[in-house]
Structure formats: C-alpha cells, structure tokens
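**Student:** Sharing a structure, written as structure tokens. Questions coming.
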Amino acid sequence: MDGRDFQVRYVKVDKAGSEEHLDWGNGPSKNTEASPFIDLEKDDPETNLALYEDEIHRRPVVSTILQGLVSYNPVQPGEKEHQQGEGKKVPRKNQLGTLIGVYLPCLQNILGVLLFVRLSWIVGMAGVLEAFIIVFMCCATTMLTAISMSAIATNGIVPAGGSYFMISRSLGPEFGGAVGLLFYLGTTFASAMYILGAVEILLTYIAPQMVLFGTITGPEGMGNLFNNMRVYGTALLVIMGAIVFVGVKFVNKFATVALACVILSILAIFIGFFVTAGIPPSEPKICVIGEILVNPPDKDCSYMGPNNTVNDLWKVYCGEETNATCDPYYDENNPRKIPGIPGLGRDGVFVKNGLNSYMLAGDAAPRREGFPERYEIVADITTTFTVLLGIFFPSVTGIMAGSNRSGDLKDASYSIPRGTIGAIATTSTIYLTSVLMYGGTADGRLLRDKYGDSMGKGMLAAQVCWPNEWVVLIGSFLSTVGAGLQSLTGAPRLLQAIAKDNVIPLLGIFSRQSSRGEPTFAFFLTLLISEVGILIASLDAVAPIITMFFLMCYLFVNVASALQTLLKSPNWRPRFKFYHWTLSILGAGLCVALMFISSWYYALAAMVLAGGIYKYIEYRGAEKEWGDGIRGLALSAARYSLLRLEEAPPHTKNWRPQILVLCKLDDDLVPQHKQLLTFASQLKAGKGLTMVAAVVEGEYVDNYGTWQAAKQSLKRVMEEEKVKGFCEVMVTPNVTQGLCHMIQTAGLGGLNHNTVVLGWPHGWRHATDPNSWKVFIETVRNVSAGHQALLVPKGVQLFPDNNEKYTGTIDVWWIVHDGGMLMLLPFLLKQHKVWKNCKMRIFTVAQLEDNSIQMKKDLEHFLYHLRIEADVQVVEMMTSDISAYTYERTLMMEQRNQMLKQMHLSKKESRKEIQSLTDMHRSRKPSTTLSESTISEVDEEEVQNVVDIHHKAHHDSKGEGASPDDVLLEGATPTDEPVPKKKVLPPKGDFGNLLDIKPDERNVRRMHTAVKLNEVIVQKSHGAKLVLINLPGPPKMKAGDENYMEFLEVLTEGLERVLMVRGGGREVITIYS
C-alpha cells in the first residue's frame, strides 16, 4: 500500500434509524478520535464473540475490514470529487483491460521515431551482426526489467502513480525521489527527441522547401539544419503544448490515430521487404565510386560526360580538361549507378552487410577520408559500437506506459505483466526482424546514408514500403507527434506525483494544480526543459541523454526487485511466478554495462545527479516510511556488522570513544545542561556511536506518556545540538538503579559504549537532597566497575557552542596513567572547528626522587611516536608540611559531614540517636537534662553556630594566630583545661562529640594533595580554555562519599572549564602503525 492507507468505513445504526459513518485506520475522518482506535458504545452487543468483547469495542471485526478492501479504489483522491464539483458525469474508472490499457500504449511508446529514421543507418554502420547484438542487448535489458517490474506490480495493489510509485515504495523516499526525478527528466527529454524527429522528417523528407536557413545538405549544411530544427522545433513545441494545456481529451483521442499510423507504417514496411524479394524496385539508383557514395549535381554518374565531355565528377576528380590526369581512386573505381535496393536476398547483400563499416566524422567510406567538395557523402559523426548503442536504446524505452495507467486498469496486477511483456516481445521481434530485413535488402552504402542525400533526401524506410512512400512518411510524422504529445502529458503528472509525496521540499510548488485539475506549474517546467533539448537540435546528441535517464530508472527497478527477494521481506509475495532474483541482478548488470558502454561520462553525470538528489533528500530529512527494501537492506547490513563486532574487541588502533551521555531532565523533560550534548558532538565530530540516555523516576505503567514525551524531547535537543546518535529513556522507581541499568545494557551486541559522560552535580553542597551527589558517586562506582572510561565536565555551562571558535590552549594534567585517554581526547577535540585553533600543553608532576629533565625528554619522545603535537612541561612538587589551611579545611569537611548526617537521619534513627545523646549528656552533667523535643529541633543555623563556637573555642584556648594544624604537627596534645574566656553551652540540640572531632590522617593527606595540586594547576592553567585532569577513583566504602566530593571540589577550584577523566583500564592509543 502507499502512504494513503485505505479507509475502512462501516455503518452503525442507532435507535432512531439514523446512520453514523465511522472510520477505522489512518485515513482522515470527522468522527475519528485522538486514540488510534474507535470506541463503540458499550451497549453494542456481540454475543457470538463475547470472548473478544473488549476488543470489538475498540476494533472492527473482520467482515468490516474485508468490505473496506473490496471497496478500495486506487485512483488518486480528489479526481472524482473535482469532477463532481464541476457538475460533470464521473466516468467509470478501473475498466481498462490488458489489451487497451497496457499492451497498445506500450506498443505505441516503444515503436518510435528512431525505427524510421535511424535503424537502417545503424545496420549500415554496425553491420547485421553487431546491429543485431545492439538491438538484442537493448531488448534483453527491457525484458528483464519488465520481469522485475511484473514481480513488483503483482506484489499487492498498485495505486495510481505507476512506475514511480513502484520504485519509490520499493526503494524508499531517497532513492525513490532521485529515480523519480531521473524518470521525469528522461520522459521530458523524450518529448524533445520526438519533436526533433518530427521536424527532421518534415524538413528532410516531406517538405524540404520549408527550410529557412539555406541548404541542409552535406557537412556545410549541418549548421543550417540545426538552426531550422531549433526554430521549427520550438514552434512545434508551442503548438503541442497549447494542445495539451487546452484539452487532454484531444491528446487521448489522437493517441489512437498515432497508434494506427505506427501499425500501418510498420505493416507497409514489412510488406515492402517481401515485395522486393519478388520484384526488385527500379528506384532508387545510387551513384558510387568504389565504396564511396556520391551525389553529383548534374546526376551524371558516368566516367566522362556524353561524347567524352567533361561532367561534374570529372571536374572534381580530374580537372577541366578531357586529357587531364585523374585521381587514382577515380581511375581504379569508375563511377557507376547501381540499384540502392537490390531486393530481399538478392546479390549477396546480406553477406556483404554482415560486418561493421564504422567511419570517422568526415569519412566517405570506412578508413577513407571524404571530400564534400567532390560531392562525396560523408559521415557527420564518428560511429562506434558504443555510440550506436546509446543512440538506439531510446527506441526500446516506453515499457512503463502501461504501468503509468495503473489507476485506470481493472486489475493492474493481472494486466501489467502480461501487457508489458507481450508488448516488449512484439517490439523486440519487430526490431530484430527489421535488422535482418534491412541488411538483406538494401546496399550497405545506401544504408550508411543517414539523411538519404544520394536519393535526393529520401527515407529508406519509405523507399522500401508498399504501396507508396507517403504511407510511411505521413505515418511516421503523425506517430512521432503523438508520442511527443503523450510525453508532454505524462511528464507533468509524474512531477506532480513526486511533489505531492513531499520528499523533495524544493518541488513543493509543482504539486499545485489548476481549477481543471491540471498540473499547471509542472507543465510549464516540462515545456522549459523540453525546449532545452530542442535547442541541442541534434537527435543523435539528445538520444544518449535519454538513454542514461531511462537506464538509471530501469537499474533501480531491477535493484528493488532483487533486494526484496534476497532480503526475504515478509510482505514480498508476488503473484508473478516466472521470476527469479538472478534475472533482476542480470538486468541491473546490463543496465550498468549499457550506461558505461554507450557513454561513460554521461553515465557518471547521471549517477552524480542521482547521488546529489539522494543526498539532498537525506539532508532535508525525508520523514516517509514506505516499508521499502533499502530499510530492510540497512537492517541486514546492521545485523551482519553487529555479528562481526561480536567476534573480537576492537584493536587499540581502532579504539575511539563510543559515548553514553547521561542527562538529567528538568520538570519540562528537557536536559538541564544541553552543553553536555554539545560537548559530545564536538568530541565525536559525527564519527562512531553516541547514545543519550535519561532516567525518569516513577512506574513505567503510569508514566508511559512521560516516557514518550521525554524521548521526543531528547531527540529534539539532539537535532538542535547536531548530535548524530540514539536516545533512550528509562522509567524506574530508583534513579541510581536506572542509571546503573543504562550503563550495563545500553547498546546492542558489539555496538555498545565504552565511555560515559556524566555531569558534575553543581551546587551539591547547598542541595537539600543528598541524593543529588550520592547518585553521582554511585554512578562513578558503576562505571568503574564496568571498566568503562568516564568523562566528568565541570563548569559545563561555560563550555562553547558549536558556532564558537576558541583560540588558546588545552592543558592536560597527566598525574597517573589512564591508558592514554588524556592524550587522545584533546586530539579528538581539535578535529572539531571549535577547538581546531587551540594548542595542546601537557603537564606532568615530578616527585623529589624524579629527574625532571629526563622526564621531559622521555615525554616528548613518547608524544613524537604518538604523532601528537604538544608543548611539554614538568612540574616539580616538593615535599612540604601540611599547612594550617589544609588541616582546617579537612576539619571543617568532617564536621560538616557529621552535621549533615545528624540532620538527615530517619525518624527511627533520630530517636535512637537522641536517646544515646541524652544518656551521654547525663553521664557527663547529671544536673543538666534536655527533653527529646529540644534535642530534635535542629536547623541549619544552629549547626553553623556550633561550627563558629568550635572555632572560637580553639582560637581562645591557643591564643591569637594558633591553629589546630600547629598543635598536631608539633606533637603537642590538646589542652584539657576549660575555656577561660567563655563557657559554651549547646544550643537547643546536642551533636555529640562534634567539638572533639579530630581529622582522619588519610583525609588530611588527601586534602593536602588536592590543595597543592590545585595551587599549581591554577598557577599554570588559569588562562587555559580547557583543563583535563585525572579523576581520582571513588572510595571503596560509602562512608567516605562526602569527603570524595570535597576533594574533587578543592582540586578544581578556580578553574572555569575542567574535564575530569578516568580511563577504563585498557590502552586506547598506540605508537604503532
């Protein structure tokens, strides 16, 4: 079926007896609802199908579907309504059978002008043998294409649209649009060919006196001939265009007359062939000198004139004197007159014409240069097998004339195969027999006379025919005009069908039609393109162009049929049984071979044009789904590739980050940080795999609509940020578990991610919900457990958009080896235009025992082998004492974590903690008691008060300027004496031993590292556009999660854009080729 799915309509009668028409399906209806199914009233009983009662209330029963199928009309919608609106009687459609609807139209379109004006010339140049091969190859190509087309046509109902419909629905919108346009151009240029043929017949054979620009005989008259062709061709195009524009009915009626003319002309020619076998014609007589054909003005073809006088031939070959020395060729081959048509089977003509006699432009005979000034008839173009093949092929086109009428056929699936194949068999017999008849009837020199100059501008086909030459002259002219009218009628409708499919937005204007239903805009474009072909003025130059367009069309018909068969599509069930996929492959191969044999540069131009149209449709985003074979081919290719990827992991040389971007959605289901996707697109530059995932909290059953909306939102943002990849959304009650599942299951087979991009939880210290950063840490753990690389952009809101361009440096701080991720990522970023102008700097840290100079040399040598250009710097970090700032920062971190832990206890845990704190307080100060309500009422302001009191107490006890760091580092112990200045009483709530916390030694060391590294990084890279640094591993125990976040915060303080990188545990870059 096409994009216009048929409408199934059924009637429900209510109690009042009125009818209500309801539609089921995708067709438009006033009564259709937003739901894809129609809800019937609950009181509509189906007692015989009670088991399916719920389904019947939403979906129609089988009988309704069958009624809709029977009443389906493949005629394009709107035509019937248009005629009814004008008050016209609507004719009965779909009544044409095989003979009238397919066979005769194909016969008329295939038997064209070249049969009358070029076939005999092709036989004379190529010889009977090679001419037979040329015709056989062309006919075999069309026959194989017809078999493939028959398989497609019998694979379901063929709506109006014919060949374009079949190709586009089998190959998809991209190929369908490209091939449809080529088919349209071929049909349009065919109209120009028919018009040029009609003008040639008129001026050369019927009415030479109508010539406007001098003589048209000989090489010197070719320019005049072309100018006459342009003038008369344009005039005939205007007349025919007016006829088509005013009344299509006249065109259809004239088609019958033209078909009768073709049939009568061919019958007259074949009867003439057999008549010559018994009665050789006395005319025409041709004048020859050896193998040279001459046409002297005085018509004297003797060696000398009467009574040894000088005639025209003597003058040009010998001179003005009777005793002059003549050209040796003239002396050796005395001029003589011979019968141009000896008769069928006489004088061994068939054998003499068996081999080729190709000539170069300007030759009078094979391998002999001609001299037009000697009245020699010379070749106007160089002829070869390939040239003649390109000229003849348009003679066998027109096989789709029947399929183009599919909307008018009673049974298109029955008529198209039989009518088309029958017409091709008939025309192939006519062409092949004509080759043999011409080769066995006429002299080879006369056959090579393209325009009949030796016969006084006579057409050989007309000279052969019986009873009179005017039967063929008039018949060929009228049939050619009729074929041109048919092309001018069909081409605009084909363009309109392409435009209505809306696969090429540029052609949208050509979908319009006039009040009479005519494609006006498409018609005028067709006239314009046809005029371009007429201005070429040469039938031999236009024919190869048509050959390319139709061969491309036939090629894709064969490809479509072969694809459907090889892919074993479930819907591929053609009723045409005389078909095999090897025939389609053979037909496609013949099409390609004929294209390059006839003209390799035209073939390349046609392919480039088709490829350009394909890429344009793909770029504009054809949103058509026709169940085409290309989608099936893509699926098969994807399956094959995935299976290949499963065989072994990628080599280090082929490793590239296959990214999974984990996004957090806001309340509007939009990613909070679109810059994550922008960064991914810059890192990938359109290469490899990119997946964007998000998790929605809730139950899937209740949030299916939310899932759909979130997925559409992700797709839209990906398009905006130019991220080429896939998106997925998961609905789960637990966000952390959902992200974990995404990390484990994203991708398919060997096509899965190896790198995760995770956003930094901005403002995590002030977040009221601790899950905002706990989800982050758990995700880091899950990624590490999966041995996948992790990228954490910090300050992502400051990352550049795709339309910006940065200049500056990308600084890499290589602290620990991570498989080369830190080296590879800047290189990949620099492939994008945003970072292209940035320079790369690599910093590494040297310890006290390291040789900084040697480290720098080794690193530069390593980068040289990696083929990466970067400035190398080694930073020396000397061992130093832990500063007071570091100690205090660690102490504040641990106190804050303890407070937050108290603040976020559950109700049950709070009661236990309160009881333990109360007991501990009583054991220290029995006289002091605090109620549960007092202890439990804690707010953040009171927590801050405790912190302030703690700092005040320590400063007062040790004097101005003292710090806890000084005490611990010098080995002193904290004093047990009471605070002399002020006694601190706990406010409202007691937090246990909060004031007695001593920082953990390991935390102090880690904080010391973070502080010192941050100082060096800020000093060296404060002006860098991007800083890359190793991401420390997450703590093994969850008790240290808060400290881990604080360490990362300290490490990256004062830097605008930071990318924290953690490798996946494997080498991703190598020095080997």
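As shown in the structure tokens, the chain order sets the letters A, B, ...; within each chain, residues go from 1, and ligands are also counted from 1 in the order they appear.
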Write out as a list in words which residues come within 12 Å of A:His741 when counting only C-alpha atoms, dropping same-chain ones fewer than 5 positions away.

**Tutor:** Leu662, Ala693, Ala694, Val695, Glu728, Val729, Met730, Val731, Thr732, Asn734, Val735, Thr736, Ala746, Gly747, Thr779, Asn782, Val783 and Gly786 of chain A

**Student:** Using N, CA and C atoms, can you write the selected residues to a file as a PDB file, in the first residue's frame?

**Tutor:**
```
ATOM      1  N   LEU A 662      24.784  10.662  29.946  1.00  0.00           N
ATOM      2  CA  LEU A 662      23.713  10.552  30.938  1.00  0.00           C
ATOM      3  C   LEU A 662      23.220  11.955  31.271  1.00  0.00           C
ATOM      4  N   ALA A 693      21.062   9.188  27.143  1.00  0.00           N
ATOM      5  CA  ALA A 693      20.121   8.471  27.993  1.00  0.00           C
ATOM      6  C   ALA A 693      19.689   9.354  29.157  1.00  0.00           C
ATOM      7  N   ALA A 694      18.482   9.114  29.603  1.00  0.00           N
ATOM      8  CA  ALA A 694      17.949   9.819  30.764  1.00  0.00           C
ATOM      9  C   ALA A 694      17.063   8.857  31.540  1.00  0.00           C
ATOM     10  N   VAL A 695      16.904   9.137  32.817  1.00  0.00           N
ATOM     11  CA  VAL A 695      16.093   8.298  33.697  1.00  0.00           C
ATOM     12  C   VAL A 695      14.981   9.143  34.290  1.00  0.00           C
ATOM     13  N   GLU A 728      17.633   7.178  24.519  1.00  0.00           N
ATOM     14  CA  GLU A 728      16.821   6.213  25.247  1.00  0.00           C
ATOM     15  C   GLU A 728      16.434   6.811  26.589  1.00  0.00           C
ATOM     16  N   VAL A 729      15.246   6.483  27.037  1.00  0.00           N
ATOM     17  CA  VAL A 729      14.735   6.940  28.321  1.00  0.00           C
ATOM     18  C   VAL A 729      14.271   5.717  29.099  1.00  0.00           C
ATOM     19  N   MET A 730      14.582   5.689  30.376  1.00  0.00           N
ATOM     20  CA  MET A 730      14.157   4.584  31.238  1.00  0.00           C
ATOM     21  C   MET A 730      13.337   5.139  32.394  1.00  0.00           C
ATOM     22  N   VAL A 731      12.221   4.518  32.641  1.00  0.00           N
ATOM     23  CA  VAL A 731      11.373   4.865  33.782  1.00  0.00           C
ATOM     24  C   VAL A 731      11.598   3.822  34.869  1.00  0.00           C
ATOM     25  N   THR A 732      12.018   4.270  36.034  1.00  0.00           N
ATOM     26  CA  THR A 732      12.349   3.342  37.116  1.00  0.00           C
ATOM     27  C   THR A 732      12.074   4.012  38.461  1.00  0.00           C
ATOM     28  N   ASN A 734      13.845   3.927  41.055  1.00  0.00           N
ATOM     29  CA  ASN A 734      15.081   4.375  41.676  1.00  0.00           C
ATOM     30  C   ASN A 734      16.024   4.901  40.590  1.00  0.00           C
ATOM     31  N   VAL A 735      16.397   6.161  40.700  1.00  0.00           N
ATOM     32  CA  VAL A 735      17.223   6.780  39.669  1.00  0.00           C
ATOM     33  C   VAL A 735      18.595   6.130  39.592  1.00  0.00           C
ATOM     34  N   THR A 736      19.192   5.865  40.737  1.00  0.00           N
ATOM     35  CA  THR A 736      20.526   5.269  40.743  1.00  0.00           C
ATOM     36  C   THR A 736      20.514   3.913  40.057  1.00  0.00           C
ATOM     37  N   ALA A 746      23.002  -0.436  27.750  1.00  0.00           N
ATOM     38  CA  ALA A 746      22.909   0.429  26.570  1.00  0.00           C
ATOM     39  C   ALA A 746      23.703  -0.176  25.415  1.00  0.00           C
ATOM     40  N   GLY A 747      23.197   0.031  24.202  1.00  0.00           N
ATOM     41  CA  GLY A 747      23.848  -0.517  23.026  1.00  0.00           C
ATOM     42  C   GLY A 747      23.273  -1.865  22.653  1.00  0.00           C
ATOM     43  N   THR A 779      27.089   6.393  40.446  1.00  0.00           N
ATOM     44  CA  THR A 779      27.281   6.222  39.004  1.00  0.00           C
ATOM     45  C   THR A 779      28.753   6.096  38.665  1.00  0.00           C
ATOM     46  N   ASN A 782      29.680   2.611  39.441  1.00  0.00           N
ATOM     47  CA  ASN A 782      29.162   1.654  38.471  1.00  0.00           C
ATOM     48  C   ASN A 782      29.964   1.686  37.175  1.00  0.00           C
ATOM     49  N   VAL A 783      30.337   2.881  36.751  1.00  0.00           N
ATOM     50  CA  VAL A 783      31.147   2.991  35.530  1.00  0.00           C
ATOM     51  C   VAL A 783      32.502   2.341  35.741  1.00  0.00           C
ATOM     52  N   GLY A 786      32.351  -1.361  35.618  1.00  0.00           N
ATOM     53  CA  GLY A 786      32.201  -1.865  34.258  1.00  0.00           C
ATOM     54  C   GLY A 786      33.424  -1.670  33.396  1.00  0.00           C
TER      55      GLY A 786
END
```

**Student:** If you count only C-alpha atoms, which residues fall within 10 Å of A:Arg448, apart from same-chain ones fewer than 5 positions away, as an MDAnalysis selection string?

**Tutor:** chainID A and resid 118 120:126 293 357:359 364:365 377:379 443

**Student:** For the residues in the current selection, export N, CA, C and O atoms as a PDB file, in the first residue's frame.

**Tutor:**
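After the write, again-v5.pdb holds the following:
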```pdb
ATOM      1  N   ARG A 118      16.579   6.024 -38.034  1.00  0.00           N
ATOM      2  CA  ARG A 118      17.925   5.680 -37.624  1.00  0.00           C
ATOM      3  C   ARG A 118      18.254   4.187 -37.689  1.00  0.00           C
ATOM      4  O   ARG A 118      19.431   3.819 -37.757  1.00  0.00           O
ATOM      5  N   SER A 120      17.943   1.816 -40.014  1.00  0.00           N
ATOM      6  CA  SER A 120      18.657   1.391 -41.230  1.00  0.00           C
ATOM      7  C   SER A 120      20.092   1.911 -41.227  1.00  0.00           C
ATOM      8  O   SER A 120      21.023   1.197 -41.653  1.00  0.00           O
ATOM      9  N   TRP A 121      20.307   3.122 -40.742  1.00  0.00           N
ATOM     10  CA  TRP A 121      21.666   3.688 -40.663  1.00  0.00           C
ATOM     11  C   TRP A 121      22.525   2.917 -39.673  1.00  0.00           C
ATOM     12  O   TRP A 121      23.708   2.672 -39.916  1.00  0.00           O
ATOM     13  N   ILE A 122      21.936   2.499 -38.557  1.00  0.00           N
ATOM     14  CA  ILE A 122      22.672   1.703 -37.568  1.00  0.00           C
ATOM     15  C   ILE A 122      23.093   0.366 -38.181  1.00  0.00           C
ATOM     16  O   ILE A 122      24.225  -0.103 -37.974  1.00  0.00           O
ATOM     17  N   VAL A 123      22.192  -0.265 -38.951  1.00  0.00           N
ATOM     18  CA  VAL A 123      22.532  -1.526 -39.606  1.00  0.00           C
ATOM     19  C   VAL A 123      23.675  -1.315 -40.599  1.00  0.00           C
ATOM     20  O   VAL A 123      24.608  -2.128 -40.694  1.00  0.00           O
ATOM     21  N   GLY A 124      23.648  -0.211 -41.356  1.00  0.00           N
ATOM     22  CA  GLY A 124      24.700   0.052 -42.333  1.00  0.00           C
ATOM     23  C   GLY A 124      26.042   0.282 -41.668  1.00  0.00           C
ATOM     24  O   GLY A 124      27.084  -0.171 -42.173  1.00  0.00           O
ATOM     25  N   MET A 125      26.086   0.966 -40.535  1.00  0.00           N
ATOM     26  CA  MET A 125      27.349   1.253 -39.857  1.00  0.00           C
ATOM     27  C   MET A 125      27.860   0.050 -39.068  1.00  0.00           C
ATOM     28  O   MET A 125      29.046  -0.288 -39.107  1.00  0.00           O
ATOM     29  N   ALA A 126      27.013  -0.596 -38.294  1.00  0.00           N
ATOM     30  CA  ALA A 126      27.437  -1.683 -37.409  1.00  0.00           C
ATOM     31  C   ALA A 126      27.466  -3.024 -38.111  1.00  0.00           C
ATOM     32  O   ALA A 126      28.097  -3.966 -37.601  1.00  0.00           O
ATOM     33  N   LEU A 293      29.990   6.887 -51.848  1.00  0.00           N
ATOM     34  CA  LEU A 293      28.688   7.298 -52.363  1.00  0.00           C
ATOM     35  C   LEU A 293      28.762   8.768 -52.733  1.00  0.00           C
ATOM     36  O   LEU A 293      29.165   9.604 -51.926  1.00  0.00           O
ATOM     37  N   SER A 357      31.066  -1.310 -40.664  1.00  0.00           N
ATOM     38  CA  SER A 357      31.730  -0.336 -41.539  1.00  0.00           C
ATOM     39  C   SER A 357      31.774   1.007 -40.824  1.00  0.00           C
ATOM     40  O   SER A 357      31.308   2.027 -41.351  1.00  0.00           O
ATOM     41  N   TYR A 358      32.316   1.009 -39.596  1.00  0.00           N
ATOM     42  CA  TYR A 358      32.354   2.239 -38.814  1.00  0.00           C
ATOM     43  C   TYR A 358      33.234   3.280 -39.507  1.00  0.00           C
ATOM     44  O   TYR A 358      34.254   2.960 -40.126  1.00  0.00           O
ATOM     45  N   MET A 359      32.858   4.526 -39.362  1.00  0.00           N
ATOM     46  CA  MET A 359      33.576   5.616 -40.003  1.00  0.00           C
ATOM     47  C   MET A 359      33.787   6.749 -39.011  1.00  0.00           C
ATOM     48  O   MET A 359      33.000   6.925 -38.068  1.00  0.00           O
ATOM     49  N   ALA A 364      34.222   9.327 -46.122  1.00  0.00           N
ATOM     50  CA  ALA A 364      33.267   8.975 -47.171  1.00  0.00           C
ATOM     51  C   ALA A 364      33.060   7.475 -47.249  1.00  0.00           C
ATOM     52  O   ALA A 364      32.048   7.002 -47.775  1.00  0.00           O
ATOM     53  N   ALA A 365      34.036   6.721 -46.759  1.00  0.00           N
ATOM     54  CA  ALA A 365      33.968   5.273 -46.713  1.00  0.00           C
ATOM     55  C   ALA A 365      34.796   4.834 -45.516  1.00  0.00           C
ATOM     56  O   ALA A 365      35.588   5.608 -44.972  1.00  0.00           O
ATOM     57  N   ILE A 377      29.410  11.897 -50.177  1.00  0.00           N
ATOM     58  CA  ILE A 377      28.542  11.917 -48.993  1.00  0.00           C
ATOM     59  C   ILE A 377      29.368  11.393 -47.817  1.00  0.00           C
ATOM     60  O   ILE A 377      29.796  10.235 -47.822  1.00  0.00           O
ATOM     61  N   VAL A 378      29.602  12.260 -46.844  1.00  0.00           N
ATOM     62  CA  VAL A 378      30.499  11.928 -45.738  1.00  0.00           C
ATOM     63  C   VAL A 378      29.700  11.774 -44.446  1.00  0.00           C
ATOM     64  O   VAL A 378      28.560  12.255 -44.324  1.00  0.00           O
ATOM     65  N   ALA A 379      30.334  11.085 -43.486  1.00  0.00           N
ATOM     66  CA  ALA A 379      29.712  10.860 -42.168  1.00  0.00           C
ATOM     67  C   ALA A 379      29.730  12.148 -41.358  1.00  0.00           C
ATOM     68  O   ALA A 379      30.737  12.858 -41.338  1.00  0.00           O
ATOM     69  N   ASP A 443      21.588  -1.924 -50.236  1.00  0.00           N
ATOM     70  CA  ASP A 443      23.031  -1.844 -50.364  1.00  0.00           C
ATOM     71  C   ASP A 443      23.620  -1.144 -49.139  1.00  0.00           C
ATOM     72  O   ASP A 443      23.053  -0.185 -48.609  1.00  0.00           O
TER      73      ASP A 443
END
```

**Student:** Quick one, how far is atom CA of A:Arg1002 from atom CA of A:Lys1036?

**Tutor:**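 Result for atom CA of A:Arg1002 versus atom CA of A:Lys1036: 14.0 Å, one decimal.
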
**Student:** Within stretch 205-304 of chain A, find each residue whose DSSP state, derived from the backbone, is strand (DSSP E or B), and express the selection as an MDAnalysis selection string.

**Tutor:** chainID A and resid 285:289 292:294

**Student:** Apply DSSP to the structure's backbone, then extract all residues of stretch 85-333 of chain A labelled helix (DSSP H, G or I) and return them as number ranges by chain.

**Tutor:** A: 85, 98-110, 113-117, 119-153, 162-206, 208-210, 219-246, 248-278, 306-308, 312-317, 328-332

**Student:** For A:Leu824, please output as a list in words all residues within 9 Å (counting only C-alpha atoms; exclusion window: fewer than 2 positions along the same chain).

**Tutor:**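 Here the qualifying residues turn out to be Arg656, Gly820, Met821, Leu822, Pro826, Phe827, Leu828, Leu829, Ile868, Val1068 and Ile1069 of chain A.
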
**Student:** Write out the residues from the selection above, keeping C-alpha atoms, as a CSV table (one decimal), in the first residue's frame.

**Tutor:**
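For reference, result_10.csv as written:
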```
chain,number,residue,atom,x,y,z
A,656,ARG,CA,37.5,5.6,19.7
A,820,GLY,CA,46.2,7.3,27.1
A,821,MET,CA,42.8,8.8,27.4
A,822,LEU,CA,44.2,12.2,28.4
A,826,PRO,CA,42.4,16.7,23.2
A,827,PHE,CA,43.4,15.3,19.8
A,828,LEU,CA,39.8,14.3,19.0
A,829,LEU,CA,38.5,17.7,20.2
A,868,ILE,CA,50.7,14.3,18.7
A,1068,VAL,CA,43.4,3.4,23.9
A,1069,ILE,CA,46.4,4.9,22.0
```
